[in-house]
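Structure data (mmCIF, C-alpha atoms) from my_file_28.cif:
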```cif
data_upload
loop_
_atom_site.label_atom_id
_atom_site.label_comp_id
_atom_site.auth_asym_id
_atom_site.auth_seq_id
_atom_site.Cartn_x
_atom_site.Cartn_y
_atom_site.Cartn_z
CA MET A 15 0.36 18.52 -21.24
CA MET A 16 1.77 19.59 -17.89
CA GLN A 17 4.92 21.63 -18.04
CA ASN A 18 7.94 20.49 -16.05
CA VAL A 19 7.64 23.15 -13.37
CA ASN A 20 7.75 22.61 -9.64
CA VAL A 21 4.40 22.14 -7.96
CA SER A 22 4.25 21.93 -4.21
CA ILE A 23 1.68 20.98 -1.62
CA ASP A 24 1.61 23.70 1.02
CA VAL A 25 -0.59 23.12 4.07
CA GLU A 26 -0.70 26.82 4.88
CA ASP A 27 -1.85 27.78 1.39
CA ILE A 28 -4.54 25.10 1.45
CA LEU A 29 -5.79 26.30 4.85
CA LYS A 30 -5.89 29.87 3.59
CA SER A 31 -7.89 28.93 0.52
CA LYS A 32 -10.26 26.41 2.17
CA ALA A 33 -10.87 28.30 5.43
CA PRO A 34 -9.71 31.90 5.02
CA ASP A 35 -11.76 33.20 7.97
CA LYS A 36 -10.43 30.58 10.39
CA TYR A 37 -6.83 30.35 9.22
CA LYS A 38 -5.57 33.27 11.31
CA TYR A 39 -6.70 31.51 14.49
CA VAL A 40 -4.75 28.32 13.80
CA PRO A 41 -1.61 28.15 16.05
CA ARG A 42 1.77 27.68 14.36
CA PHE A 43 2.43 24.41 16.16
CA VAL A 44 -0.81 23.02 14.71
CA ILE A 45 0.29 23.97 11.20
CA SER A 46 3.68 22.31 11.81
CA TYR A 47 1.92 19.18 13.04
CA LEU A 48 -0.35 19.12 9.99
CA LYS A 49 2.66 19.43 7.69
CA ARG A 50 4.17 16.38 9.39
CA ILE A 51 1.09 14.15 9.29
CA VAL A 52 0.41 14.94 5.63
CA HIS A 53 4.10 14.21 4.89
CA GLN A 54 4.45 17.53 3.10
CA ASP A 55 8.19 17.17 2.43
CA GLU A 56 7.91 13.58 1.15
CA VAL A 57 4.93 14.42 -1.03
CA ASN A 58 6.74 17.40 -2.52
CA TYR A 59 9.83 15.28 -3.21
CA PHE A 60 7.57 12.83 -5.02
CA LEU A 61 5.92 15.58 -7.07
CA ASN A 62 9.04 17.56 -7.92
CA ASP A 63 11.65 14.84 -8.31
CA TYR A 64 10.39 11.27 -8.39
CA ALA A 65 7.32 11.78 -10.61
CA LYS A 66 7.97 15.22 -12.05
CA GLY A 67 5.96 15.82 -15.22
CA LYS A 68 3.94 12.62 -14.89
CA THR A 69 0.18 12.86 -15.28
CA GLY A 70 -2.83 10.58 -15.52
CA VAL A 71 -2.23 6.83 -15.41
CA ASP A 72 1.55 7.34 -15.50
CA PHE A 73 1.21 9.36 -12.31
CA LEU A 74 -0.77 6.55 -10.67
CA ASP A 75 1.91 4.03 -11.63
CA TYR A 76 4.60 6.22 -10.12
CA VAL A 77 2.64 6.46 -6.86
CA LEU A 78 2.49 2.67 -6.65
CA SER A 79 6.20 2.43 -7.42
CA PHE A 80 7.14 5.12 -4.89
CA LEU A 81 5.18 3.33 -2.17
CA GLU A 82 6.55 -0.06 -3.23
CA MET A 83 3.04 -1.48 -3.40
CA ASN A 84 2.54 -5.11 -4.35
CA LEU A 85 -0.85 -5.66 -5.97
CA VAL A 86 -2.49 -9.01 -6.60
CA VAL A 87 -5.38 -8.69 -9.07
CA LYS A 88 -8.01 -11.40 -9.39
CA GLY A 89 -10.79 -11.47 -11.98
CA ARG A 90 -9.15 -9.41 -14.74
CA GLU A 91 -11.13 -11.52 -17.20
CA ASN A 92 -14.30 -9.85 -15.87
CA LEU A 93 -13.27 -6.42 -17.19
CA PRO A 94 -15.55 -5.65 -20.18
CA ASP A 95 -13.90 -4.95 -23.52
CA ASP A 96 -16.73 -2.76 -24.83
CA GLY A 97 -19.24 -0.27 -23.45
CA LEU A 98 -19.24 2.26 -20.64
CA TYR A 99 -19.41 1.19 -17.01
CA THR A 100 -19.39 2.45 -13.47
CA PHE A 101 -16.73 0.65 -11.45
CA VAL A 102 -17.68 0.64 -7.77
CA SER A 103 -15.54 -0.48 -4.86
CA ASN A 104 -15.35 -0.52 -1.13
CA HIS A 105 -12.88 2.06 0.19
CA PRO A 106 -10.76 0.52 2.96
CA LEU A 107 -7.65 2.69 2.61
CA GLY A 108 -9.00 6.04 1.45
CA GLY A 109 -6.25 6.69 -1.09
CA LEU A 110 -3.91 3.90 -2.10
CA ASP A 111 -6.84 1.65 -3.02
CA GLY A 112 -8.13 4.31 -5.41
CA VAL A 113 -4.70 4.71 -6.99
CA ALA A 114 -4.33 0.95 -7.50
CA ILE A 115 -7.80 0.55 -9.01
CA GLY A 116 -7.21 3.53 -11.30
CA SER A 117 -3.90 2.09 -12.48
CA VAL A 118 -5.43 -1.29 -13.36
CA LEU A 119 -8.43 0.23 -15.14
CA GLY A 120 -6.36 2.99 -16.74
CA HIS A 121 -4.15 0.44 -18.49
CA LYS A 122 -7.15 -1.62 -19.57
CA TYR A 123 -9.01 1.38 -21.03
CA ASP A 124 -6.12 3.45 -22.43
CA GLY A 125 -6.44 6.12 -19.78
CA GLN A 126 -10.12 6.77 -20.48
CA ILE A 127 -11.10 6.79 -16.81
CA LYS A 128 -12.44 9.39 -14.41
CA TYR A 129 -12.78 9.49 -10.64
CA LEU A 130 -15.57 11.33 -8.86
CA VAL A 131 -13.51 12.53 -5.89
CA ASN A 132 -13.12 15.15 -3.19
CA ASP A 133 -11.82 18.35 -4.77
CA LEU A 134 -8.85 18.43 -2.37
CA LEU A 135 -7.20 15.89 -4.68
CA MET A 136 -7.19 18.52 -7.40
CA ASN A 137 -4.17 19.96 -5.54
CA LEU A 138 -2.18 17.09 -7.11
CA PRO A 139 -1.64 18.23 -10.73
CA GLY A 140 -0.68 14.74 -11.89
CA LEU A 141 -3.99 13.37 -10.65
CA ALA A 142 -6.20 16.29 -11.64
CA PRO A 143 -6.72 15.21 -15.30
CA LEU A 144 -8.39 12.01 -14.07
CA CYS A 145 -10.75 13.73 -11.64
CA ILE A 146 -14.22 15.16 -11.70
CA PRO A 147 -13.99 17.12 -8.44
CA VAL A 148 -16.81 16.86 -5.93
CA ASN A 149 -17.18 19.15 -2.91
CA LYS A 150 -20.70 18.98 -1.54
CA THR A 151 -20.00 21.25 1.43
CA GLY A 152 -18.11 24.19 -0.04
CA ALA A 153 -18.73 26.85 -2.64
CA GLN A 154 -18.65 24.18 -5.31
CA SER A 155 -21.80 22.56 -3.92
CA ARG A 156 -24.13 24.34 -6.32
CA ASN A 157 -22.27 22.71 -9.21
CA PHE A 158 -22.31 19.20 -7.73
CA PRO A 159 -25.27 17.91 -9.78
CA LYS A 160 -23.76 19.33 -12.98
CA MET A 161 -20.40 17.65 -12.35
CA VAL A 162 -22.07 14.30 -11.71
CA GLU A 163 -24.15 14.71 -14.87
CA ALA A 164 -21.03 15.58 -16.87
CA GLY A 165 -19.24 12.49 -15.59
CA PHE A 166 -22.02 10.09 -16.46
CA ALA A 167 -22.65 11.75 -19.83
CA SER A 168 -18.96 11.40 -20.79
CA ASP A 169 -17.29 8.65 -22.80
CA GLN A 170 -15.07 7.76 -19.83
CA GLN A 171 -15.16 4.75 -17.55
CA LEU A 172 -16.16 6.00 -14.09
CA ILE A 173 -14.61 4.95 -10.79
CA MET A 174 -16.70 5.55 -7.69
CA PHE A 175 -16.54 4.79 -4.00
CA PRO A 176 -20.23 4.92 -3.08
CA ALA A 177 -19.56 5.29 0.65
CA GLY A 178 -18.04 8.71 0.00
CA LEU A 179 -15.71 8.10 2.95
CA CYS A 180 -13.13 5.42 3.55
CA SER A 181 -14.06 2.47 5.74
CA ARG A 182 -14.47 2.81 9.48
CA ARG A 183 -14.69 0.38 12.36
CA ILE A 184 -18.43 -0.17 12.69
CA LYS A 185 -19.71 -2.56 15.37
CA GLY A 186 -16.22 -4.03 15.62
CA LYS A 187 -15.85 -4.64 11.87
CA ILE A 188 -13.83 -2.65 9.31
CA THR A 189 -16.40 -1.75 6.67
CA ASP A 190 -17.75 1.13 4.58
CA PRO A 191 -20.40 3.47 5.95
CA GLU A 192 -23.74 3.23 4.15
CA TRP A 193 -23.38 3.57 0.39
CA LYS A 194 -24.94 6.55 -1.34
CA LYS A 195 -27.38 5.76 -4.17
CA THR A 196 -26.02 8.24 -6.74
CA PHE A 197 -23.80 5.67 -8.51
CA LEU A 198 -26.78 3.43 -9.18
CA VAL A 199 -29.38 6.08 -10.01
CA LYS A 200 -27.13 7.74 -12.58
CA SER A 201 -25.88 4.43 -14.01
CA ILE A 202 -29.45 3.31 -14.65
CA GLN A 203 -30.34 6.67 -16.22
CA THR A 204 -27.33 6.58 -18.56
CA GLY A 205 -27.40 2.85 -19.33
CA ARG A 206 -24.10 2.03 -17.68
CA GLY A 207 -23.52 -1.42 -16.27
CA ILE A 208 -21.93 -1.82 -12.86
CA VAL A 209 -18.62 -3.61 -12.32
CA PRO A 210 -18.13 -4.53 -8.63
CA ILE A 211 -14.62 -4.44 -7.17
CA HIS A 212 -13.45 -5.51 -3.75
CA PHE A 213 -10.21 -4.19 -2.31
CA GLU A 214 -8.73 -6.05 0.65
CA GLY A 215 -6.97 -3.83 3.18
CA ARG A 216 -7.26 -1.69 6.30
CA ASN A 217 -5.77 1.33 8.00
CA SER A 218 -4.16 1.48 11.44
CA ASN A 219 -6.00 1.18 14.75
CA PHE A 220 -5.02 4.80 15.44
CA PHE A 221 -7.00 5.92 12.40
CA TYR A 222 -10.16 4.13 13.52
CA ASN A 223 -9.73 5.23 17.13
CA ILE A 224 -9.35 8.90 16.21
CA ASP A 225 -12.60 8.71 14.24
CA ARG A 226 -14.35 6.98 17.16
CA LEU A 227 -13.12 9.71 19.52
CA ARG A 228 -14.40 12.38 17.12
CA LYS A 229 -17.87 10.86 17.23
CA MET A 230 -17.81 10.51 21.02
CA LEU A 231 -16.95 14.20 21.35
CA GLY A 232 -19.63 15.20 18.84
CA ILE A 233 -17.12 16.80 16.45
CA LYS A 234 -18.60 17.11 12.96
CA PHE A 235 -15.34 17.79 11.11
CA ASN A 236 -13.86 14.63 9.57
CA ILE A 237 -10.59 14.65 11.56
CA ALA A 238 -9.60 11.18 10.32
CA MET A 239 -9.31 12.57 6.77
CA LEU A 240 -6.26 14.56 7.89
CA TYR A 241 -4.45 11.30 8.62
CA LEU A 242 -5.05 9.62 5.27
CA ALA A 243 -1.64 10.66 3.90
CA ASP A 244 0.00 9.29 7.02
CA GLU A 245 -1.91 6.03 6.58
CA LEU A 246 -0.78 5.89 2.97
CA PHE A 247 2.87 5.99 4.02
CA LYS A 248 2.24 3.43 6.78
CA ASN A 249 1.12 1.03 4.05
CA LYS A 250 4.36 1.42 2.11
CA GLY A 251 5.76 -1.90 0.88
CA LYS A 252 2.66 -3.92 1.73
CA THR A 253 0.77 -6.39 -0.50
CA PHE A 254 -2.91 -5.86 -1.29
CA GLU A 255 -5.49 -7.91 -3.14
CA MET A 256 -8.03 -6.53 -5.61
CA THR A 257 -10.88 -8.71 -6.90
CA ILE A 258 -12.98 -7.77 -9.92
CA GLY A 259 -16.46 -9.22 -10.15
CA GLU A 260 -18.68 -9.94 -13.14
CA PRO A 261 -20.38 -6.92 -14.74
CA ILE A 262 -23.99 -6.30 -13.72
CA PRO A 263 -26.10 -4.99 -16.65
CA CYS A 264 -28.21 -1.95 -15.83
CA THR A 265 -31.30 -3.92 -16.92
CA ARG A 266 -30.85 -6.05 -13.78
CA PHE A 267 -32.05 -3.17 -11.66
CA ASP A 268 -35.78 -3.45 -12.30
CA SER A 269 -38.80 -2.50 -10.21
CA SER A 270 -38.69 -5.70 -8.15
CA ARG A 271 -36.62 -3.83 -5.56
CA THR A 272 -36.23 -0.23 -4.45
CA ILE A 273 -33.13 1.72 -5.42
CA ARG A 274 -31.96 1.45 -1.81
CA GLU A 275 -32.36 -2.31 -1.93
CA TRP A 276 -30.50 -2.58 -5.24
CA CYS A 277 -27.72 -0.38 -3.85
CA ASP A 278 -27.37 -2.72 -0.86
CA TYR A 279 -27.47 -5.65 -3.28
CA VAL A 280 -24.41 -4.32 -5.18
CA ARG A 281 -22.63 -3.67 -1.89
CA GLU A 282 -23.25 -7.27 -0.81
CA ILE A 283 -21.76 -8.50 -4.08
CA VAL A 284 -18.65 -6.36 -3.51
CA TYR A 285 -18.13 -7.67 0.00
CA GLY A 286 -18.76 -11.21 -1.20
CA LEU A 287 -15.93 -11.14 -3.75
#
```
Write-out of the structure in structure tokens:
Amino acid sequence: MMQNVNVSIDVEDILKSKAPDKYKYVPRFVISYLKRIVHQDEVNYFLNDYAKGKTGVDFLDYVLSFLEMNLVVKGRENLPDDGLYTFVSNHPLGGLDGVAIGSVLGHKYDGQIKYLVNDLLMNLPGLAPLCIPVNKTGAQSRNFPKMVEAGFASDQQLIMFPAGLCSRRIKGKITDPEWKKTFLVKSIQTGRGIVPIHFEGRNSNFFYNIDRLRKMLGIKFNIAMLYLADELFKNKGKTFEMTIGEPIPCTRFDSSRTIREWCDYVREIVYGL
């Protein structure tokens, strides 16, 4: 149980820990700008006042309340009552969609849910108990396979966003990048069925344009990720729709198609909901 002590998000501390060699070269005005776009003060108010001491599914509920999110859920009857599943969704918002899905599934399964997520989210203590952190590019990379194995071997319902990144504007359409096959390979190996979920929503044009500019300039760093908190606050008070599809048994994924083809098949189902 988390103690009722203040926990704060500090951009400078995160920069120091994630990029200690480069931190000293970052100008002060850049750090100030980063604090503003990640809404450091608002996030810390939420953590230390609004949702102080809340963890797990309670924490997710408080996020939705704080952001005044209205969620319309279709297909609740498709949520299985028994067994372990991998719940896969498109990722249009990059944050609020994951919170909403986790809240719905957390209440259905008494909090027995886990996300496979970027380890930056472990900086949120209220969210950390629900996360199996994944960082394929940092020092944690050597442990990536073990963390995935641990997640799929657990007795938890798993929530995954197979794209790994939130949706981008691709050929004029807001859609996920290509889905990674891990969710399907491991689900088949562990006998988990797949439950497809579609989340209707989008981020601002600025978000998609900044990512397009990054690609044009050949910048490898995912600059758009820095703006996800800002996008989250831009979506405050909006209504979103979540549609849950029928479970797909793992026996469906036979040798009639390749894993890549089956992965694309599940993606098509999600976008068809």
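You can rank A:Met230, A:Leu110, A:Leu287, A:Met174 by their closest distance to Asn217 of chain A using all atoms listed in the file, and at the top of that list sits A:Leu110.
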inquiry  = Please expand the PyMOL selection byres ((chain A and resi 78-87) around 6) into the concrete residues it hits in this file, giving the result as number ranges by chain.
reply    = A: 75-77, 88, 250-257
message = Give me the residues near Thr100 of chain A as a ChimeraX atom specification, where near means some atom within 9 Å (using all atoms listed in the file) and where sequence neighbours in that chain fewer than 6 positions away do not count.
response = /A:166,171-174,197-198,201,206-210
Test item: residues at most 12 Å from Gly125 of chain A, only C-alpha atoms, excluding those fewer than 2 positions along its chain, as a list in words = Thr69, Gly70, Val71, Asp72, Phe73, Leu74, Asp75, Gly116, Ser117, Val118, Leu119, Gly120, His121, Lys122, Tyr123, Ile127, Lys128, Tyr129, Leu141, Pro143, Leu144, Cys145, Asp169, Gln170, Gln171 and Leu172 of chain A
Requested write-out: C-alpha atoms of the selected residues, as a PDB file, keeping the file's coordinate frame:
```pdb
ATOM      1  CA  THR A  69       0.180  12.860 -15.280  1.00  0.00           C
ATOM      2  CA  GLY A  70      -2.830  10.580 -15.520  1.00  0.00           C
ATOM      3  CA  VAL A  71      -2.230   6.830 -15.410  1.00  0.00           C
ATOM      4  CA  ASP A  72       1.550   7.340 -15.500  1.00  0.00           C
ATOM      5  CA  PHE A  73       1.210   9.360 -12.310  1.00  0.00           C
ATOM      6  CA  LEU A  74      -0.770   6.550 -10.670  1.00  0.00           C
ATOM      7  CA  ASP A  75       1.910   4.030 -11.630  1.00  0.00           C
ATOM      8  CA  GLY A 116      -7.210   3.530 -11.300  1.00  0.00           C
ATOM      9  CA  SER A 117      -3.900   2.090 -12.480  1.00  0.00           C
ATOM     10  CA  VAL A 118      -5.430  -1.290 -13.360  1.00  0.00           C
ATOM     11  CA  LEU A 119      -8.430   0.230 -15.140  1.00  0.00           C
ATOM     12  CA  GLY A 120      -6.360   2.990 -16.740  1.00  0.00           C
ATOM     13  CA  HIS A 121      -4.150   0.440 -18.490  1.00  0.00           C
ATOM     14  CA  LYS A 122      -7.150  -1.620 -19.570  1.00  0.00           C
ATOM     15  CA  TYR A 123      -9.010   1.380 -21.030  1.00  0.00           C
ATOM     16  CA  ILE A 127     -11.100   6.790 -16.810  1.00  0.00           C
ATOM     17  CA  LYS A 128     -12.440   9.390 -14.410  1.00  0.00           C
ATOM     18  CA  TYR A 129     -12.780   9.490 -10.640  1.00  0.00           C
ATOM     19  CA  LEU A 141      -3.990  13.370 -10.650  1.00  0.00           C
ATOM     20  CA  PRO A 143      -6.720  15.210 -15.300  1.00  0.00           C
ATOM     21  CA  LEU A 144      -8.390  12.010 -14.070  1.00  0.00           C
ATOM     22  CA  CYS A 145     -10.750  13.730 -11.640  1.00  0.00           C
ATOM     23  CA  ASP A 169     -17.290   8.650 -22.800  1.00  0.00           C
ATOM     24  CA  GLN A 170     -15.070   7.760 -19.830  1.00  0.00           C
ATOM     25  CA  GLN A 171     -15.160   4.750 -17.550  1.00  0.00           C
ATOM     26  CA  LEU A 172     -16.160   6.000 -14.090  1.00  0.00           C
TER      27      LEU A 172
END
```
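The smallest atom-to-atom distance between Phe267 of chain A and any of A:Ser31, A:Ser22, A:Gln203, A:Thr189, using all atoms listed in the file, is found for A:Gln203.
The space separating atom CA of Lys68 of chain A from atom CA of Val25 of chain A comes to 22.1 Å.
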Determine, for each residue of segment 113-219 of chain A having at least one atom at most 8 Å from an atom of segment 269-284 of chain A, the closest pair of atoms and their separation in Å to one decimal, counting only C-alpha atoms; order by chain and ascending number, as a tab-separated table.
```
residue	atom	partner	partner_atom	distance
A:Trp193	CA	A:Cys277	CA	7.2
A:Lys194	CA	A:Cys277	CA	7.9
A:Lys195	CA	A:Cys277	CA	6.2
A:Leu198	CA	A:Cys277	CA	6.6
A:Val199	CA	A:Ile273	CA	7.4
A:Pro210	CA	A:Val284	CA	5.5
A:Ile211	CA	A:Val284	CA	5.8
A:His212	CA	A:Val284	CA	5.3
```
key: Distance in Å - atom CA of Tyr99 of chain A versus atom CA of Ile115 of chain A   = 14.1 Å
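Residues matched by the PyMOL selection byres ((chain A and resi 106) around 7) in this file are Asn104, His105, Leu107, Gly108, Cys180, Ser181, Gly215 and Arg216 of chain A.
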ask   = How many Å separate atom CA of Ile188 of chain A from atom CA of Pro261 of chain A?
value = 25.3 Å
query = With only C-alpha atoms as the atoms that count, which of A:Tyr64, A:Phe43, A:Tyr37, A:Tyr285 lies nearest to Phe213 of chain A?
reply = A:Tyr285
If we draw a sphere of 8 Å around (1.0, 9.6, 8.3), which residues have at least one atom in it when counting all atoms listed in the file? Please report them as a PDB file with C-alpha atoms, keeping the file's coordinate frame.
```
ATOM      1  CA  ARG A  50       4.170  16.380   9.390  1.00  0.00           C
ATOM      2  CA  ILE A  51       1.090  14.150   9.290  1.00  0.00           C
ATOM      3  CA  VAL A  52       0.410  14.940   5.630  1.00  0.00           C
ATOM      4  CA  HIS A  53       4.100  14.210   4.890  1.00  0.00           C
ATOM      5  CA  TYR A 241      -4.450  11.300   8.620  1.00  0.00           C
ATOM      6  CA  LEU A 242      -5.050   9.620   5.270  1.00  0.00           C
ATOM      7  CA  ALA A 243      -1.640  10.660   3.900  1.00  0.00           C
ATOM      8  CA  ASP A 244       0.000   9.290   7.020  1.00  0.00           C
ATOM      9  CA  GLU A 245      -1.910   6.030   6.580  1.00  0.00           C
ATOM     10  CA  LEU A 246      -0.780   5.890   2.970  1.00  0.00           C
ATOM     11  CA  PHE A 247       2.870   5.990   4.020  1.00  0.00           C
ATOM     12  CA  LYS A 248       2.240   3.430   6.780  1.00  0.00           C
TER      13      LYS A 248
END
```
Pick from A:Lys187, A:Arg182, A:Arg42, A:Arg266 nearest to Ala238 of chain A, counting all atoms listed in the file = A:Arg182
Expected selection from the PyMOL selection byres ((chain A and resi 58) around 9), given as a PDB file with C-alpha atoms, in the frame of the given file:
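The resulting selection22.pdb:
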```pdb
ATOM      1  CA  ASN A  20       7.750  22.610  -9.640  1.00  0.00           C
ATOM      2  CA  VAL A  21       4.400  22.140  -7.960  1.00  0.00           C
ATOM      3  CA  SER A  22       4.250  21.930  -4.210  1.00  0.00           C
ATOM      4  CA  ILE A  23       1.680  20.980  -1.620  1.00  0.00           C
ATOM      5  CA  ASP A  24       1.610  23.700   1.020  1.00  0.00           C
ATOM      6  CA  HIS A  53       4.100  14.210   4.890  1.00  0.00           C
ATOM      7  CA  GLN A  54       4.450  17.530   3.100  1.00  0.00           C
ATOM      8  CA  ASP A  55       8.190  17.170   2.430  1.00  0.00           C
ATOM      9  CA  GLU A  56       7.910  13.580   1.150  1.00  0.00           C
ATOM     10  CA  VAL A  57       4.930  14.420  -1.030  1.00  0.00           C
ATOM     11  CA  TYR A  59       9.830  15.280  -3.210  1.00  0.00           C
ATOM     12  CA  PHE A  60       7.570  12.830  -5.020  1.00  0.00           C
ATOM     13  CA  LEU A  61       5.920  15.580  -7.070  1.00  0.00           C
ATOM     14  CA  ASN A  62       9.040  17.560  -7.920  1.00  0.00           C
ATOM     15  CA  ASP A  63      11.650  14.840  -8.310  1.00  0.00           C
TER      16      ASP A  63
END
```
query = Taking into account only C-alpha atoms, which residue in the set A:Leu130, A:Ile224, A:Leu231, A:Ala167 is nearest to Gly205 of chain A?
reply = A:Ala167
Take the structure in the block and write a file for segment 59-75 of chain A, N, CA and C atoms, as a tab-separated table (two decimals), in the first residue's frame.
```tsv
chain	number	residue	atom	x	y	z
A	59	TYR	N	-0.17	18.65	-8.85
A	59	TYR	CA	-1.38	18.93	-8.08
A	59	TYR	C	-2.26	17.68	-8.05
A	60	PHE	N	-2.40	17.05	-9.21
A	60	PHE	CA	-3.22	15.84	-9.28
A	60	PHE	C	-2.67	14.75	-8.36
A	61	LEU	N	-1.36	14.54	-8.41
A	61	LEU	CA	-0.74	13.48	-7.62
A	61	LEU	C	-0.77	13.75	-6.12
A	62	ASN	N	-0.54	15.00	-5.75
A	62	ASN	CA	-0.36	15.32	-4.33
A	62	ASN	C	-1.60	15.84	-3.64
A	63	ASP	N	-2.63	16.18	-4.39
A	63	ASP	CA	-3.84	16.70	-3.78
A	63	ASP	C	-5.08	15.93	-4.26
A	64	TYR	N	-5.33	16.00	-5.54
A	64	TYR	CA	-6.57	15.43	-6.08
A	64	TYR	C	-6.65	13.91	-5.89
A	65	ALA	N	-5.58	13.21	-6.20
A	65	ALA	CA	-5.61	11.74	-6.14
A	65	ALA	C	-4.55	11.18	-5.19
A	66	LYS	N	-4.23	11.94	-4.17
A	66	LYS	CA	-3.19	11.51	-3.24
A	66	LYS	C	-3.54	10.18	-2.59
A	67	GLY	N	-2.60	9.24	-2.64
A	67	GLY	CA	-2.79	7.94	-2.01
A	67	GLY	C	-3.55	6.94	-2.84
A	68	LYS	N	-4.03	7.35	-4.02
A	68	LYS	CA	-4.80	6.43	-4.86
A	68	LYS	C	-3.84	5.61	-5.73
A	69	THR	N	-4.14	4.33	-5.84
A	69	THR	CA	-3.31	3.46	-6.68
A	69	THR	C	-4.19	2.54	-7.51
A	70	GLY	N	-3.59	1.92	-8.51
A	70	GLY	CA	-4.28	0.93	-9.31
A	70	GLY	C	-5.49	1.48	-10.03
A	71	VAL	N	-6.59	0.73	-10.02
A	71	VAL	CA	-7.81	1.11	-10.73
A	71	VAL	C	-8.41	2.39	-10.16
A	72	ASP	N	-8.30	2.57	-8.84
A	72	ASP	CA	-8.77	3.82	-8.23
A	72	ASP	C	-8.05	5.02	-8.85
A	73	PHE	N	-6.76	4.87	-9.06
A	73	PHE	CA	-5.97	5.94	-9.67
A	73	PHE	C	-6.48	6.24	-11.07
A	74	LEU	N	-6.76	5.20	-11.85
A	74	LEU	CA	-7.28	5.40	-13.20
A	74	LEU	C	-8.61	6.15	-13.17
A	75	ASP	N	-9.47	5.78	-12.24
A	75	ASP	CA	-10.77	6.45	-12.12
A	75	ASP	C	-10.60	7.93	-11.80
```
